[in-house]
Amino acid sequence: MNIVIDNLSKSYGNQKAVDGISFEVKTGEILGFLGPNGAGKTTTMKMITQYINADAGTIKIDNTPIANGNFRDNVGYLPEHNPLYQEMPVIDYLHFCAELQNVPKAEIPGQIKKMVRLCGLDREKHKKISELSKGYKQRVGLAQAMIHEPEILILDEPTTGLDPNQIVEIRELIKNIGKEKTVILSTHILPEVEATCDRILIINKGKIVADGTATTLRDQAQGNQIVKARIESESSENTKEALMNLPQILGVNIHDPHTHRFEIQSTSTVDACRSIFRLCQEKNWPILEMIPVETKLEDIFRDLTLN
């Protein structure tokens, strides 16, 4: 199921939490939904799940406005704080969730078995939820979100509080799920977004400030391309001056004059490396080292949200 958001807005009193945002998520796509605290991510997710109503704008699922129908059966939702009934055994809790989601009675045992297998809960299925680790509680949360076979999954901080091994396991689970479903994933763990998501959307102060793949966002981050070079010459200052005269170079820092190390900021890493190589060839300066430094998603995130 495709989701189309058009000019969506929501306010709490005088504060506009979501301010006229528009985007689309297609079937089989995992969208990474990023933003600082208070940016409007959770509010947007709650509107998509019909947990709260929008003040303005439309949300369409397969070209039908959600206001014109009940799409809750098609949506699985894992909230940030993963509310669970701690005293219920895992199997009983999943049975309860299946009934809430109107899974036909005859299909409930089969769905529970499927979710237990899919979410890796076989060894824990008879335990009370209160006895589970944080990682397994998150798995239970994912299982309840999927028990009714929804075509859309909304996951708000699904790996919060997990250790690195658990994060990798949940990440792989989400990637496998995302091959057949429409997934919106909110998280503050930026490497997780790159490893899991097909596309990244960044929201700040209720507005979308970036939308694209990690590669696209890096390409758009003009002026953030860095090359670390070690160029042997008689004068580091002269080398810096020559480098600054190259067309792609925005700035040059002498990182260490004794070892001839430079940090060079450019608009294009590939073009900058070619120009630096030609310059050193003309000047007969040995290049002892030249390393393009990929722009980090964290840097892009900070540039777009620190204002």
# chains A, B, ... in the order shown; residues from 1 in each chain; ligands from 1
>>> select_by_dssp(residues="stretch 29-246 of chain A", states="alpha helix (DSSP H)", output="PyMOL selection string")
chain A and resi 41-48+90-100+108-118+134-146+164-177+190-196+214-220+236-244
>>> residues_around(residues="A:Tyr12", least_positions_apart="2", cutoff="12 Å", atoms="only C-alpha atoms", output="VMD selection string")
chain A and resid 9 to 10 14 to 19 38 40 43 52 to 55 206
>>> closest_residue(among="A:Glu289, A:Glu80, A:Asp163, A:Asp303", to="A:Lys46", atoms="only C-alpha atoms")
A:Glu80
>>> residues_around(residues="A:Ser130", least_positions_apart="4", cutoff="12 Å", atoms="only C-alpha atoms", output="JSON list (two decimals) with N, CA and C atoms, in the first residue's frame")
[["chain", "number", "residue", "atom", "x", "y", "z"],
["A", 83, "PRO", "N", 4.25, 0.05, 24.78],
["A", 83, "PRO", "CA", 3.42, -0.34, 25.92],
["A", 83, "PRO", "C", 3.04, -1.81, 25.87],
["A", 84, "LEU", "N", 3.39, -2.57, 26.88],
["A", 84, "LEU", "CA", 3.13, -4.00, 26.95],
["A", 84, "LEU", "C", 2.47, -4.33, 28.28],
["A", 85, "TYR", "N", 1.67, -5.38, 28.31],
["A", 85, "TYR", "CA", 1.10, -5.87, 29.56],
["A", 85, "TYR", "C", 2.12, -6.82, 30.20],
["A", 86, "GLN", "N", 2.86, -6.29, 31.17],
["A", 86, "GLN", "CA", 4.03, -6.97, 31.71],
["A", 86, "GLN", "C", 3.72, -8.33, 32.35],
["A", 87, "GLU", "N", 2.53, -8.51, 32.92],
["A", 87, "GLU", "CA", 2.22, -9.74, 33.63],
["A", 87, "GLU", "C", 1.66, -10.84, 32.73],
["A", 88, "MET", "N", 1.49, -10.52, 31.46],
["A", 88, "MET", "CA", 0.94, -11.53, 30.54],
["A", 88, "MET", "C", 2.08, -12.33, 29.92],
["A", 89, "PRO", "N", 1.96, -13.65, 29.79],
["A", 89, "PRO", "CA", 2.91, -14.42, 29.00],
["A", 89, "PRO", "C", 2.88, -13.97, 27.55],
["A", 90, "VAL", "N", 3.98, -14.15, 26.85],
["A", 90, "VAL", "CA", 4.11, -13.68, 25.48],
["A", 90, "VAL", "C", 2.97, -14.21, 24.60],
["A", 93, "TYR", "N", -0.36, -12.62, 25.37],
["A", 93, "TYR", "CA", -0.40, -11.24, 24.92],
["A", 93, "TYR", "C", -0.63, -11.17, 23.41],
["A", 124, "GLU", "N", 11.31, -17.78, 24.34],
["A", 124, "GLU", "CA", 10.75, -16.87, 25.33],
["A", 124, "GLU", "C", 9.22, -16.88, 25.35],
["A", 126, "HIS", "N", 6.79, -18.63, 26.41],
["A", 126, "HIS", "CA", 5.98, -18.97, 27.58],
["A", 126, "HIS", "C", 6.32, -18.10, 28.80],
["A", 134, "LYS", "N", 15.21, -6.24, 27.40],
["A", 134, "LYS", "CA", 14.73, -5.13, 26.57],
["A", 134, "LYS", "C", 14.62, -5.54, 25.11],
["A", 136, "TYR", "N", 14.11, -8.53, 23.76],
["A", 136, "TYR", "CA", 12.98, -9.42, 23.51],
["A", 136, "TYR", "C", 11.64, -8.70, 23.67],
["A", 137, "LYS", "N", 11.60, -7.71, 24.55],
["A", 137, "LYS", "CA", 10.37, -6.92, 24.65],
["A", 137, "LYS", "C", 10.12, -6.16, 23.35],
["A", 140, "VAL", "N", 8.64, -8.54, 20.97],
["A", 140, "VAL", "CA", 7.22, -8.72, 21.24],
["A", 140, "VAL", "C", 6.42, -7.55, 20.67]]
>>> closest_residue(among="A:Leu162, A:Leu31, A:Arg302, A:Glu237", to="A:Lys175", atoms="only C-alpha atoms")
A:Leu31
>>> atom_distance(atom1="atom CA of A:Ile154", atom2="atom CA of A:Thr49")
7.8 Å
>>> residues_around(residues="A:Gly69", least_positions_apart="6", cutoff="12 Å", atoms="only C-alpha atoms", output="VMD selection string")
chain A and resid 50 59 to 63
>>> closest_atom_pairs(of="stretch 7-104 of chain A", to="stretch 209-212 of chain A", cutoff="10 Å", atoms="only C-alpha atoms", output="tab-separated table")
residue	atom	partner	partner_atom	distance
A:Ile21	CA	A:Val209	CA	9.8
A:Phe23	CA	A:Asp211	CA	8.6
A:Leu31	CA	A:Gly212	CA	9.5
A:Gly32	CA	A:Asp211	CA	9.7
A:Phe33	CA	A:Asp211	CA	9.5
A:Leu34	CA	A:Ala210	CA	9.5
A:Gly35	CA	A:Val209	CA	9.5
>>> write_last_selection(atoms="C-alpha atoms", output="short mmCIF file (atom, residue, chain, number, x, y, z; two decimals), in the first residue's frame")
data_model
loop_
_atom_site.label_atom_id
_atom_site.label_comp_id
_atom_site.auth_asym_id
_atom_site.auth_seq_id
_atom_site.Cartn_x
_atom_site.Cartn_y
_atom_site.Cartn_z
CA ILE A 21 4.54 18.59 4.99
CA PHE A 23 5.80 13.14 0.95
CA LEU A 31 11.58 5.21 4.82
CA GLY A 32 13.91 6.50 7.52
CA PHE A 33 12.11 9.37 9.28
CA LEU A 34 14.68 11.56 11.06
CA GLY A 35 14.61 14.71 13.11
#
>>> atom_distance(atom1="atom CA of A:Leu243", atom2="atom CA of A:Ser275")
8.8 Å
>>> closest_residue(among="A:Ile276, A:Val75, A:Leu118, A:Leu250", to="A:Pro150", atoms="only C-alpha atoms")
A:Val75
